[in-house]
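Structure data follow from target-v9.tsv (TSV, C-alpha atoms and all ligand atoms):
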```tsv
chain	number	residue	atom	x	y	z
A	1	MET	CA	-55.28	-14.46	60.19
A	2	LYS	CA	-52.82	-17.30	60.89
A	3	LYS	CA	-55.37	-19.85	59.72
A	4	LEU	CA	-55.88	-18.02	56.44
A	5	LEU	CA	-52.15	-17.84	55.88
A	6	LEU	CA	-51.81	-21.54	56.61
A	7	ALA	CA	-54.63	-22.30	54.17
A	8	ILE	CA	-52.94	-20.26	51.44
A	9	LEU	CA	-49.61	-21.93	52.14
A	10	LEU	CA	-51.18	-25.38	52.00
A	11	LEU	CA	-52.90	-24.51	48.77
A	12	THR	CA	-49.79	-23.23	47.01
A	13	PHE	CA	-47.33	-25.82	48.28
A	14	VAL	CA	-49.48	-28.93	48.38
A	15	ALA	CA	-52.71	-28.73	46.44
A	16	VAL	CA	-51.36	-26.95	43.36
A	17	PRO	CA	-48.33	-29.24	42.81
A	18	VAL	CA	-50.45	-32.35	43.44
A	19	ALA	CA	-53.09	-31.19	40.98
A	20	GLY	CA	-50.30	-30.33	38.54
A	21	LEU	CA	-48.79	-33.81	38.82
A	22	ILE	CA	-52.16	-35.49	38.34
A	23	LEU	CA	-52.70	-33.36	35.24
A	24	LEU	CA	-49.25	-34.26	33.86
A	25	TYR	CA	-50.13	-37.93	34.15
A	26	HIS	CA	-53.13	-37.50	31.91
A	27	LEU	CA	-52.45	-34.56	29.64
A	28	PRO	CA	-52.88	-34.02	26.78
A	29	PHE	CA	-56.34	-35.49	26.63
A	30	ASP	CA	-56.16	-37.71	23.65
A	31	THR	CA	-57.79	-36.52	20.45
A	32	ARG	CA	-55.63	-38.34	17.91
A	33	ASP	CA	-57.11	-41.11	15.78
A	34	PRO	CA	-55.61	-44.39	17.08
A	35	SER	CA	-56.31	-46.10	13.75
A	36	PRO	CA	-55.81	-43.65	10.86
A	37	THR	CA	-56.66	-44.65	7.29
A	38	GLN	CA	-53.45	-45.29	5.33
A	39	PRO	CA	-52.78	-44.30	1.70
A	40	ILE	CA	-52.51	-48.01	0.85
A	41	ALA	CA	-54.46	-50.64	2.76
A	42	PHE	CA	-51.35	-52.45	4.04
A	43	SER	CA	-52.37	-55.42	6.17
A	44	HIS	CA	-50.21	-56.65	9.06
A	45	GLN	CA	-52.65	-59.53	9.43
A	46	LEU	CA	-51.77	-60.74	5.92
A	47	HIS	CA	-48.00	-60.09	6.00
A	48	ALA	CA	-47.07	-60.77	9.64
A	49	GLY	CA	-50.00	-63.13	10.38
A	50	VAL	CA	-50.86	-65.32	7.36
A	51	TYR	CA	-47.42	-65.16	5.67
A	52	GLU	CA	-45.50	-64.99	8.97
A	53	ILE	CA	-43.00	-62.37	7.78
A	54	SER	CA	-40.97	-61.37	10.84
A	55	CYS	CA	-41.54	-57.91	12.34
A	56	ARG	CA	-37.82	-57.23	12.14
A	57	PHE	CA	-37.63	-58.10	8.43
A	58	CYS	CA	-39.52	-54.87	7.79
A	59	HIS	CA	-38.78	-52.82	10.92
A	60	ARG	CA	-35.05	-53.38	10.57
A	61	SER	CA	-33.55	-50.92	12.98
A	62	VAL	CA	-35.72	-51.71	16.01
A	63	ALA	CA	-33.01	-53.58	17.94
A	64	VAL	CA	-30.16	-51.17	17.19
A	65	SER	CA	-31.66	-47.69	17.08
A	66	PRO	CA	-34.22	-45.46	18.80
A	67	VAL	CA	-36.61	-45.80	15.84
A	68	ALA	CA	-37.99	-49.06	14.49
A	69	GLY	CA	-38.12	-47.74	10.90
A	70	ILE	CA	-40.79	-48.05	8.22
A	71	PRO	CA	-39.66	-50.15	5.24
A	72	ASP	CA	-39.06	-48.38	1.94
A	73	LEU	CA	-40.64	-49.41	-1.34
A	74	ALA	CA	-37.57	-51.35	-2.48
A	75	LEU	CA	-38.20	-53.86	0.31
A	76	CYS	CA	-41.86	-54.24	-0.69
A	77	PHE	CA	-40.77	-54.77	-4.29
A	78	ALA	CA	-38.41	-57.57	-3.38
A	79	CYS	CA	-41.68	-59.52	-3.30
A	80	HIS	CA	-44.20	-57.43	-5.20
A	81	GLN	CA	-42.22	-57.35	-8.41
A	82	TYR	CA	-43.49	-60.94	-8.72
A	83	ILE	CA	-46.21	-61.47	-6.10
A	84	GLY	CA	-49.80	-60.25	-6.39
A	85	VAL	CA	-49.11	-58.08	-9.46
A	86	ASP	CA	-52.81	-58.25	-10.45
A	87	ASN	CA	-53.97	-57.22	-7.00
A	88	PRO	CA	-55.42	-53.65	-6.96
A	89	GLY	CA	-53.55	-52.81	-3.73
A	90	VAL	CA	-50.27	-53.97	-5.23
A	91	GLN	CA	-50.97	-51.99	-8.43
A	92	GLN	CA	-51.43	-48.90	-6.29
A	93	LEU	CA	-48.02	-49.72	-4.83
A	94	SER	CA	-46.54	-49.96	-8.35
A	95	GLY	CA	-47.90	-46.48	-9.06
A	96	TYR	CA	-45.69	-45.04	-6.31
A	97	TRP	CA	-42.75	-47.19	-7.47
A	98	LYS	CA	-42.94	-46.02	-11.09
A	99	LYS	CA	-43.05	-42.38	-10.02
A	100	GLN	CA	-40.33	-43.05	-7.43
A	101	GLU	CA	-42.53	-41.43	-4.82
A	102	VAL	CA	-42.46	-42.16	-1.10
A	103	ILE	CA	-45.71	-43.55	0.31
A	104	PRO	CA	-47.07	-40.94	2.73
A	105	TRP	CA	-47.84	-43.38	5.59
A	106	VAL	CA	-49.74	-41.71	8.42
A	107	ARG	CA	-47.99	-42.03	11.80
A	108	VAL	CA	-49.95	-44.11	14.29
A	109	HIS	CA	-47.58	-43.48	17.22
A	110	GLN	CA	-46.04	-40.08	17.74
A	111	LEU	CA	-44.47	-38.87	20.95
A	112	PRO	CA	-43.90	-35.14	21.44
A	113	ASP	CA	-40.41	-33.85	20.54
A	114	HIS	CA	-39.42	-33.40	24.18
A	115	VAL	CA	-39.61	-37.14	24.87
A	116	TYR	CA	-36.81	-39.62	24.12
A	117	PHE	CA	-37.89	-43.19	23.46
A	118	PRO	CA	-35.14	-45.67	22.52
A	119	HIS	CA	-36.56	-48.88	20.99
A	120	MET	CA	-33.24	-50.73	21.28
A	121	MET	CA	-33.11	-50.40	25.10
A	122	HIS	CA	-36.54	-52.00	25.33
A	123	ILE	CA	-35.72	-54.82	22.91
A	124	ARG	CA	-32.51	-55.45	24.86
A	125	ALA	CA	-34.60	-55.70	28.03
A	126	ASP	CA	-36.42	-58.56	26.27
A	127	LEU	CA	-39.78	-56.84	25.88
A	128	ASP	CA	-41.89	-58.26	23.07
A	129	CYS	CA	-43.46	-55.92	20.49
A	130	ARG	CA	-46.83	-57.16	21.77
A	131	THR	CA	-46.28	-55.68	25.24
A	132	CYS	CA	-46.62	-52.19	23.78
A	133	HIS	CA	-48.21	-52.67	20.35
A	134	GLY	CA	-50.67	-55.51	20.97
A	135	GLU	CA	-51.51	-58.31	18.53
A	136	VAL	CA	-50.23	-56.52	15.42
A	137	ALA	CA	-50.16	-59.79	13.45
A	138	GLN	CA	-53.95	-59.90	13.70
A	139	MET	CA	-54.57	-56.32	12.60
A	140	ALA	CA	-55.83	-55.69	9.06
A	141	GLN	CA	-55.51	-51.98	9.86
A	142	LEU	CA	-52.93	-50.97	12.43
A	143	THR	CA	-54.43	-49.60	15.65
A	144	ARG	CA	-52.52	-48.00	18.48
A	145	GLN	CA	-53.01	-49.89	21.76
A	146	ALA	CA	-50.99	-47.87	24.27
A	147	SER	CA	-51.94	-44.40	25.51
A	148	LEU	CA	-48.31	-43.17	25.17
A	149	LYS	CA	-48.94	-40.97	28.18
A	150	MET	CA	-46.24	-40.36	30.76
A	151	GLY	CA	-48.08	-42.51	33.31
A	152	TRP	CA	-47.93	-45.48	30.93
A	153	CYS	CA	-44.14	-45.23	30.67
A	154	LEU	CA	-43.66	-44.65	34.39
A	155	ASN	CA	-45.84	-47.56	35.50
A	156	CYS	CA	-43.82	-50.06	33.53
A	157	HIS	CA	-40.50	-48.47	34.51
A	158	ARG	CA	-41.46	-48.87	38.16
A	159	GLU	CA	-42.48	-52.49	37.57
A	160	HIS	CA	-39.12	-53.28	35.94
A	161	GLN	CA	-36.94	-51.10	38.20
A	162	ALA	CA	-36.00	-49.02	35.15
A	163	SER	CA	-35.08	-45.37	35.67
A	164	ILE	CA	-37.82	-42.85	36.42
A	165	ASP	CA	-35.52	-39.81	36.62
A	166	CYS	CA	-36.97	-36.95	34.61
A	167	TRP	CA	-33.89	-36.68	32.40
A	168	THR	CA	-34.12	-40.34	31.35
A	169	CYS	CA	-36.93	-39.42	28.98
A	170	HIS	CA	-36.65	-35.63	28.78
A	171	ILE	CA	-33.40	-34.31	27.35
B	201	LIG	C1	-41.73	-50.57	25.57
B	201	LIG	C2	-42.72	-50.37	24.56
B	201	LIG	C3	-42.42	-50.73	23.12
B	201	LIG	C4	-41.92	-51.93	22.62
B	201	LIG	C5	-41.51	-53.17	23.38
B	201	LIG	C6	-41.88	-51.78	21.18
B	201	LIG	N1	-42.32	-50.52	20.83
B	201	LIG	FE1	-42.53	-49.77	18.95
B	201	LIG	N2	-43.08	-47.95	19.70
B	201	LIG	C7	-43.22	-47.67	21.05
B	201	LIG	C8	-43.43	-46.24	21.22
B	201	LIG	C9	-43.60	-45.51	22.55
B	201	LIG	C10	-43.43	-45.67	19.92
B	201	LIG	C11	-43.55	-44.18	19.55
B	201	LIG	C12	-42.14	-43.62	19.41
B	201	LIG	C13	-42.06	-42.17	19.00
B	201	LIG	O1	-43.06	-41.56	18.62
B	201	LIG	O2	-40.94	-41.62	19.08
B	201	LIG	C14	-43.23	-46.78	18.98
B	201	LIG	C15	-43.18	-46.65	17.60
B	201	LIG	C16	-43.00	-47.71	16.72
B	201	LIG	C17	-42.98	-47.58	15.27
B	201	LIG	C18	-43.18	-46.31	14.48
B	201	LIG	C19	-42.08	-45.32	14.66
B	201	LIG	C20	-40.69	-45.88	14.49
B	201	LIG	O3	-40.00	-45.98	15.51
B	201	LIG	O4	-40.28	-46.22	13.39
B	201	LIG	C21	-42.77	-48.85	14.76
B	201	LIG	C22	-42.66	-49.23	13.30
B	201	LIG	C23	-42.63	-49.76	15.89
B	201	LIG	N3	-42.78	-49.03	17.07
B	201	LIG	C24	-42.38	-51.11	15.79
B	201	LIG	C25	-42.03	-51.94	16.86
B	201	LIG	C26	-41.61	-53.33	16.71
B	201	LIG	C27	-41.52	-54.09	15.40
B	201	LIG	C28	-41.34	-53.79	17.98
B	201	LIG	C29	-40.82	-55.15	18.40
B	201	LIG	C30	-39.60	-55.64	17.73
B	201	LIG	C31	-41.61	-52.69	18.92
B	201	LIG	N4	-42.00	-51.59	18.19
B	201	LIG	C32	-41.47	-52.77	20.30
B	201	LIG	C33	-43.16	-48.57	22.08
B	201	LIG	C34	-42.66	-49.86	21.99
B	202	LIG	C1	-41.87	-61.41	1.79
B	202	LIG	C2	-42.78	-61.01	0.75
B	202	LIG	C3	-43.57	-59.71	0.90
B	202	LIG	C4	-43.10	-58.46	1.21
B	202	LIG	C5	-41.67	-58.07	1.57
B	202	LIG	C6	-44.23	-57.57	1.10
B	202	LIG	N1	-45.36	-58.26	0.75
B	202	LIG	FE1	-47.20	-57.44	0.38
B	202	LIG	N2	-47.95	-59.30	0.03
B	202	LIG	C7	-47.22	-60.48	0.03
B	202	LIG	C8	-48.10	-61.58	-0.31
B	202	LIG	C9	-47.70	-63.05	-0.41
B	202	LIG	C10	-49.39	-61.01	-0.56
B	202	LIG	C11	-50.67	-61.72	-1.01
B	202	LIG	C12	-50.75	-61.60	-2.51
B	202	LIG	C13	-52.05	-62.09	-3.08
B	202	LIG	O1	-52.87	-62.60	-2.33
B	202	LIG	O2	-52.22	-61.93	-4.29
B	202	LIG	C14	-49.24	-59.58	-0.35
B	202	LIG	C15	-50.27	-58.66	-0.53
B	202	LIG	C16	-50.14	-57.30	-0.45
B	202	LIG	C17	-51.19	-56.33	-0.73
B	202	LIG	C18	-52.60	-56.67	-1.17
B	202	LIG	C19	-53.41	-56.86	0.09
B	202	LIG	C20	-54.78	-57.40	-0.07
B	202	LIG	O3	-55.53	-57.22	0.89
B	202	LIG	O4	-55.11	-58.02	-1.08
B	202	LIG	C21	-50.68	-55.07	-0.51
B	202	LIG	C22	-51.38	-53.73	-0.66
B	202	LIG	C23	-49.31	-55.26	-0.08
B	202	LIG	N3	-49.01	-56.61	-0.05
B	202	LIG	C24	-48.45	-54.22	0.29
B	202	LIG	C25	-47.14	-54.40	0.68
B	202	LIG	C26	-46.26	-53.30	1.10
B	202	LIG	C27	-46.66	-51.85	1.19
B	202	LIG	C28	-45.06	-53.87	1.39
B	202	LIG	C29	-43.82	-53.16	1.89
B	202	LIG	C30	-43.95	-52.43	3.11
B	202	LIG	C31	-45.19	-55.30	1.17
B	202	LIG	N4	-46.45	-55.58	0.75
B	202	LIG	C32	-44.14	-56.20	1.35
B	202	LIG	C33	-45.86	-60.61	0.29
B	202	LIG	C34	-45.01	-59.58	0.61
B	203	LIG	C1	-44.00	-56.58	5.14
B	203	LIG	C2	-43.50	-55.55	6.02
B	203	LIG	C3	-43.98	-55.45	7.46
B	203	LIG	C4	-44.01	-56.44	8.43
B	203	LIG	C5	-43.64	-57.92	8.29
B	203	LIG	C6	-44.44	-55.80	9.65
B	203	LIG	N1	-44.67	-54.48	9.43
B	203	LIG	FE1	-45.24	-53.10	10.79
B	203	LIG	N2	-45.46	-51.69	9.33
B	203	LIG	C7	-45.18	-51.88	7.98
B	203	LIG	C8	-45.62	-50.71	7.21
B	203	LIG	C9	-45.51	-50.53	5.70
B	203	LIG	C10	-46.17	-49.81	8.16
B	203	LIG	C11	-46.80	-48.43	7.87
B	203	LIG	C12	-48.26	-48.60	7.49
B	203	LIG	C13	-49.17	-48.90	8.65
B	203	LIG	O1	-49.11	-48.21	9.66
B	203	LIG	O2	-49.95	-49.87	8.55
B	203	LIG	C14	-46.04	-50.44	9.46
B	203	LIG	C15	-46.43	-49.87	10.67
B	203	LIG	C16	-46.22	-50.44	11.93
B	203	LIG	C17	-46.47	-49.78	13.18
B	203	LIG	C18	-47.02	-48.38	13.38
B	203	LIG	C19	-46.04	-47.32	12.98
B	203	LIG	C20	-46.52	-45.93	13.35
B	203	LIG	O3	-46.86	-45.18	12.44
B	203	LIG	O4	-46.59	-45.64	14.54
B	203	LIG	C21	-46.17	-50.67	14.18
B	203	LIG	C22	-46.28	-50.44	15.68
B	203	LIG	C23	-45.75	-51.89	13.55
B	203	LIG	N3	-45.78	-51.72	12.18
B	203	LIG	C24	-45.38	-53.04	14.23
B	203	LIG	C25	-45.16	-54.26	13.62
B	203	LIG	C26	-45.03	-55.52	14.33
B	203	LIG	C27	-45.12	-55.67	15.83
B	203	LIG	C28	-44.83	-56.49	13.39
B	203	LIG	C29	-44.71	-57.99	13.60
B	203	LIG	C30	-45.82	-58.62	14.29
B	203	LIG	C31	-44.79	-55.83	12.09
B	203	LIG	N4	-45.02	-54.49	12.28
B	203	LIG	C32	-44.57	-56.46	10.87
B	203	LIG	C33	-44.57	-53.00	7.44
B	203	LIG	C34	-44.43	-54.22	8.09
B	204	LIG	C1	-43.62	-52.38	29.15
B	204	LIG	C2	-42.61	-51.69	29.92
B	204	LIG	C3	-42.07	-50.36	29.48
B	204	LIG	C4	-42.75	-49.31	28.92
B	204	LIG	C5	-44.23	-49.23	28.60
B	204	LIG	C6	-41.79	-48.27	28.70
B	204	LIG	N1	-40.55	-48.67	29.10
B	204	LIG	FE1	-38.80	-47.61	28.91
B	204	LIG	N2	-37.75	-49.19	29.66
B	204	LIG	C7	-38.29	-50.36	30.12
B	204	LIG	C8	-37.22	-51.26	30.52
B	204	LIG	C9	-37.39	-52.65	31.11
B	204	LIG	C10	-36.01	-50.56	30.26
B	204	LIG	C11	-34.57	-51.07	30.43
B	204	LIG	C12	-33.97	-50.66	31.70
B	204	LIG	C13	-32.53	-51.11	31.78
B	204	LIG	O1	-32.02	-51.73	30.85
B	204	LIG	O2	-31.93	-50.78	32.79
B	204	LIG	C14	-36.38	-49.26	29.73
B	204	LIG	C15	-35.46	-48.27	29.38
B	204	LIG	C16	-35.79	-47.01	28.92
B	204	LIG	C17	-34.86	-45.94	28.65
B	204	LIG	C18	-33.34	-46.03	28.83
B	204	LIG	C19	-33.06	-45.87	30.28
B	204	LIG	C20	-31.60	-45.78	30.59
B	204	LIG	O3	-31.30	-46.01	31.78
B	204	LIG	O4	-30.80	-45.49	29.71
B	204	LIG	C21	-35.58	-44.85	28.24
B	204	LIG	C22	-35.04	-43.48	27.85
B	204	LIG	C23	-36.97	-45.24	28.25
B	204	LIG	N3	-37.07	-46.55	28.66
B	204	LIG	C24	-38.03	-44.40	27.89
B	204	LIG	C25	-39.36	-44.79	27.84
B	204	LIG	C26	-40.45	-43.92	27.43
B	204	LIG	C27	-40.30	-42.47	27.01
B	204	LIG	C28	-41.59	-44.68	27.51
B	204	LIG	C29	-43.01	-44.27	27.19
B	204	LIG	C30	-43.26	-43.59	25.92
B	204	LIG	C31	-41.21	-46.01	27.97
B	204	LIG	N4	-39.86	-46.03	28.18
B	204	LIG	C32	-42.11	-47.03	28.15
B	204	LIG	C33	-39.63	-50.70	30.15
B	204	LIG	C34	-40.67	-49.96	29.60
B	205	LIG	C1	-40.18	-43.07	31.42
B	205	LIG	C2	-40.28	-41.84	30.71
B	205	LIG	C3	-40.60	-40.53	31.42
B	205	LIG	C4	-40.07	-40.08	32.60
B	205	LIG	C5	-39.10	-40.78	33.53
B	205	LIG	C6	-40.63	-38.76	32.82
B	205	LIG	N1	-41.46	-38.45	31.79
B	205	LIG	FE1	-42.46	-36.64	31.54
B	205	LIG	N2	-43.31	-37.35	29.81
B	205	LIG	C7	-43.11	-38.60	29.28
B	205	LIG	C8	-43.97	-38.74	28.11
B	205	LIG	C9	-44.07	-39.97	27.24
B	205	LIG	C10	-44.65	-37.52	27.96
B	205	LIG	C11	-45.65	-37.14	26.86
B	205	LIG	C12	-47.05	-37.38	27.32
B	205	LIG	C13	-48.08	-37.12	26.28
B	205	LIG	O1	-47.77	-36.75	25.16
B	205	LIG	O2	-49.27	-37.28	26.65
B	205	LIG	C14	-44.21	-36.65	29.04
B	205	LIG	C15	-44.66	-35.34	29.23
B	205	LIG	C16	-44.21	-34.48	30.22
B	205	LIG	C17	-44.55	-33.08	30.33
B	205	LIG	C18	-45.43	-32.30	29.39
B	205	LIG	C19	-46.84	-32.40	29.77
B	205	LIG	C20	-47.54	-33.33	28.88
B	205	LIG	O3	-48.37	-34.10	29.41
B	205	LIG	O4	-47.29	-33.34	27.67
B	205	LIG	C21	-43.91	-32.60	31.43
B	205	LIG	C22	-43.96	-31.17	31.96
B	205	LIG	C23	-43.16	-33.71	32.02
B	205	LIG	N3	-43.36	-34.84	31.25
B	205	LIG	C24	-42.40	-33.61	33.17
B	205	LIG	C25	-41.72	-34.67	33.75
B	205	LIG	C26	-41.02	-34.59	35.05
B	205	LIG	C27	-40.96	-33.35	35.94
B	205	LIG	C28	-40.46	-35.82	35.26
B	205	LIG	C29	-39.68	-36.29	36.48
B	205	LIG	C30	-40.44	-36.33	37.73
B	205	LIG	C31	-40.79	-36.67	34.11
B	205	LIG	N4	-41.56	-35.92	33.24
B	205	LIG	C32	-40.36	-37.98	33.93
B	205	LIG	C33	-42.24	-39.58	29.75
B	205	LIG	C34	-41.50	-39.49	30.91
```

Just give me the structure of the file as structure tokens.
Ligand code: HEC
Ligand code: HEC
Ligand code: HEC
Ligand code: HEC
Ligand code: HEC
Amino acid sequence: MKKLLLAILLLTFVAVPVAGLILLYHLPFDTRDPSPTQPIAFSHQLHAGVYEISCRFCHRSVAVSPVAGIPDLALCFACHQYIGVDNPGVQQLSGYWKKQEVIPWVRVHQLPDHVYFPHMMHIRADLDCRTCHGEVAQMAQLTRQASLKMGWCLNCHREHQASIDCWTCHI
């Protein structure tokens, strides 16, 4: 009888929490497309690679805000009013501009709502975009490199002695 009780106790207080924690590290099992097709074939390889336009020229708020920001059409048209006007991709862009419509870019990275990720803290800690996003300047179509799972965040936080308290990322 005592042995059975001990077994049940062990199961509820050790095995279940451990299994739960292991699950939390890996859940949810990833089904999202890491490289979705975009409404316009925007190439980072061309803009950031060949023409060496700085990441921060387009993703302006990355060093000062939680979100990096996707550039609006006005920024694209600073160049595309004059550059590549005969290019079919650029003409597609003009279509949105004339109708004053927002391009419905498909999100490549998307954390759940219960997670807080501040870009500016990571830029301030001197982490390069590449650490988390890979060689974006060589990507014709943007592809997510990181799993964005909790274990990914925690591993790096441990490495850098950054906080791993639950409420750092869950508010
Ligand atoms: C420590 C890892 C890390 C670094 C360094 C990092 N990012 Fe991110 N980035 C992320 C994560 C995580 C997300 C998803 C955020 C979300 O869904 O709330 C993201 C999302 C984005 C997005 C889309 C959503 C948004 O915030 O507008 C852009 C654009 C972006 N990053 C650009 C950059 C650029 C440019 C740099 C370098 C200047 C950079 N990131 C550096 C981890 C990082
Ligand atoms: C600093 C200038 C500059 C900015 C800003 C810029 N582009 Fe471009 N873009 C270029 C150049 C240069 C080319 C090459 C044109 C060519 O080869 O005819 C190009 C080409 C393109 C093409 C054609 C790609 C291909 O494969 O032929 C598309 C589509 C495009 N840009 C979309 C955008 C979008 C969307 C934005 C805003 C988010 C943007 N561009 C912002 C300079 C710029
Ligand atoms: C000419 C403007 C421009 C430049 C320069 C640029 N980007 Fe982007 N970026 C965009 C646009 C537009 C999108 C949305 C379309 C897409 O996902 O391809 C985007 C999307 C992204 C995303 C994915 C956002 C999401 O949905 O999760 C990341 C990450 C990113 N850029 C990082 C970078 C990095 C790193 C650099 C520098 C190496 C860079 N970008 C340079 C315009 C730019
Ligand atoms: C490549 C390493 C790396 C990755 C990956 C990473 N972080 Fe960080 N994070 C850091 C560093 C370094 C700091 C800065 C710590 C400091 O300044 O004390 C930081 C700081 C933070 C802070 C602010 C902490 C504070 O004390 O205010 C939050 C919140 C945060 N990260 C959330 C996340 C989340 C959520 C993820 C995963 C989606 C993530 N981080 C992924 C390295 C990383
Ligand atoms: C450095 C950031 C960070 C810290 C610290 C952190 N988490 Fe998370 N947590 C995340 C991220 C990112 C996700 C989303 C994972 C995903 O979508 O796959 C997540 C998801 C979760 C989930 C939802 C399950 C899931 O996989 O979506 C729970 C529950 C959770 N965390 C609990 C905790 C607890 C308890 C702690 C403290 C021991 C903690 N977290 C500390 C980043 C963090």

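With atom CA of Ala63 of chain A on one side and atom O1 of ligand LIG 201 (chain B) on the other, the separation reads 15.7 Å.
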
Response to the item:
Between atom CA of Gly69 of chain A and atom C23 of ligand LIG 204 (chain B) lies a distance of 17.6 Å

Between chain A and ligand LIG 203 (chain B), at 8 Å or less, what are the per-residue closest atom pairs and their distances in Å? Count all atoms listed in the file, order by chain and rising residue number, and return it as CSV.
```
residue,atom,partner,partner_atom,distance
A:Gln38,CA,B:LIG203,C13,6.5
A:Ile40,CA,B:LIG203,C12,7.9
A:Ala41,CA,B:LIG203,O2,7.4
A:Phe42,CA,B:LIG203,O2,5.4
A:Ser43,CA,B:LIG203,O2,6.5
A:His44,CA,B:LIG203,C6,5.9
A:His47,CA,B:LIG203,C5,5.4
A:Ala48,CA,B:LIG203,C5,4.7
A:Gly49,CA,B:LIG203,C30,7.3
A:Glu52,CA,B:LIG203,C5,7.3
A:Ile53,CA,B:LIG203,C5,4.5
A:Ser54,CA,B:LIG203,C5,5.1
A:Cys55,CA,B:LIG203,C29,3.4
A:Arg56,CA,B:LIG203,C32,6.9
A:Phe57,CA,B:LIG203,C5,6.0
A:Cys58,CA,B:LIG203,C2,4.4
A:His59,CA,B:LIG203,N1,6.3
A:Ile70,CA,B:LIG203,C8,5.6
A:Pro71,CA,B:LIG203,C9,5.9
A:Asp72,CA,B:LIG203,C9,7.8
A:Leu75,CA,B:LIG203,C2,8.0
A:Cys76,CA,B:LIG203,C1,6.6
A:Trp105,CA,B:LIG203,C12,5.6
A:Val106,CA,B:LIG203,O3,6.0
A:Arg107,CA,B:LIG203,O3,3.4
A:Val108,CA,B:LIG203,O4,3.7
A:His109,CA,B:LIG203,O4,3.6
A:Gln110,CA,B:LIG203,O4,6.4
A:Cys129,CA,B:LIG203,C27,5.0
A:Arg130,CA,B:LIG203,C27,6.4
A:His133,CA,B:LIG203,C22,5.5
A:Gly134,CA,B:LIG203,C27,7.6
A:Glu135,CA,B:LIG203,C30,7.1
A:Val136,CA,B:LIG203,C30,5.0
A:Ala137,CA,B:LIG203,C30,4.6
A:Gln141,CA,B:LIG203,O2,6.1
A:Leu142,CA,B:LIG203,O2,5.0
A:Thr143,CA,B:LIG203,C18,7.8
A:Arg144,CA,B:LIG203,C22,7.3
```

Item to complete: Considering only C-alpha atoms, return as a ChimeraX atom specification whatever protein or nucleic-acid residues lie within 6 Å of segment 116-118 of chain A, sequence-local ones (same chain, fewer than 3 positions apart) excluded.
Response: /A:66,121,169

Discussion item. Using only C-alpha atoms and all ligand atoms, which residues have at least one atom no more than 8 Å from ligand LIG 204 (chain B)? Output them as a ChimeraX atom specification.
Written reply: /A:111,115-118,121-122,124-127,131-132,148-150,152-157,159-163,168-170

Practice prompt. Between atom C27 of ligand LIG 201 (chain B) and atom CA of Leu46 of chain A, measure the distance and give it in Å to one decimal.
Written response: 15.5 Å

Discussion item. From the options A:Ile171, A:Met139, A:Ile103, A:Val62, which residue's atoms come nearest to ligand LIG 202 (chain B), counting all atoms listed in the file?
Written reply: A:Ile103

Could you name the residues that touch Cys79 of chain A at 12 Å or less, counting all atoms listed in the file, but leaving out those on the same chain fewer than 4 positions away, as a PDB file with C-alpha atoms, in the frame of the given file?
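Final file, selection29.pdb:
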```
ATOM      1  CA  HIS A  47     -48.000 -60.090   6.000  1.00  0.00           C
ATOM      2  CA  ILE A  53     -43.000 -62.370   7.780  1.00  0.00           C
ATOM      3  CA  LEU A  73     -40.640 -49.410  -1.340  1.00  0.00           C
ATOM      4  CA  ALA A  74     -37.570 -51.350  -2.480  1.00  0.00           C
ATOM      5  CA  LEU A  75     -38.200 -53.860   0.310  1.00  0.00           C
ATOM      6  CA  ILE A  83     -46.210 -61.470  -6.100  1.00  0.00           C
ATOM      7  CA  GLY A  84     -49.800 -60.250  -6.390  1.00  0.00           C
ATOM      8  CA  VAL A  85     -49.110 -58.080  -9.460  1.00  0.00           C
ATOM      9  CA  VAL A  90     -50.270 -53.970  -5.230  1.00  0.00           C
ATOM     10  CA  LEU A  93     -48.020 -49.720  -4.830  1.00  0.00           C
ATOM     11  CA  SER A  94     -46.540 -49.960  -8.350  1.00  0.00           C
TER      12      SER A  94
END
```

Which centre and which edge lengths, in Å to one decimal, describe the axis-aligned box that holds all listed atoms of ligand LIG 205 (chain B) after 6 Å is added on each side, as AutoDock Vina command-line options?
```
--center_x -44.2 --center_y -37.1 --center_z 31.4 --size_x 22.2 --size_y 23.9 --size_z 24.6
```

Response to the item:
Using all atoms listed in the file, the residue out of A:Val67, A:Gln100, A:Phe77, A:Ala7 with shortest distance to ligand LIG 201 (chain B) is A:Val67

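Checking A:Val64, A:Ala15, A:Ile123, A:Ala78 one by one against ligand LIG 201 (chain B), counting all atoms listed in the file, you find the shortest gap at A:Ile123.
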
Worksheet item: A:Gln45, A:Ser35, A:Ser61, A:Gln91: which is nearest ligand LIG 201 (chain B), counting all atoms listed in the file?
Response: A:Ser61

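Among the candidates A:Ala68, A:Lys99, A:Gln81, A:Ser147, the one nearest to ligand LIG 201 (chain B) when counting all atoms listed in the file is A:Ala68.
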
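Of the residues listed (A:Trp167, A:Tyr96, A:Phe13, A:Tyr82), A:Trp167 shows the shortest atom-to-atom separation from His114 of chain A; distances use only C-alpha atoms.
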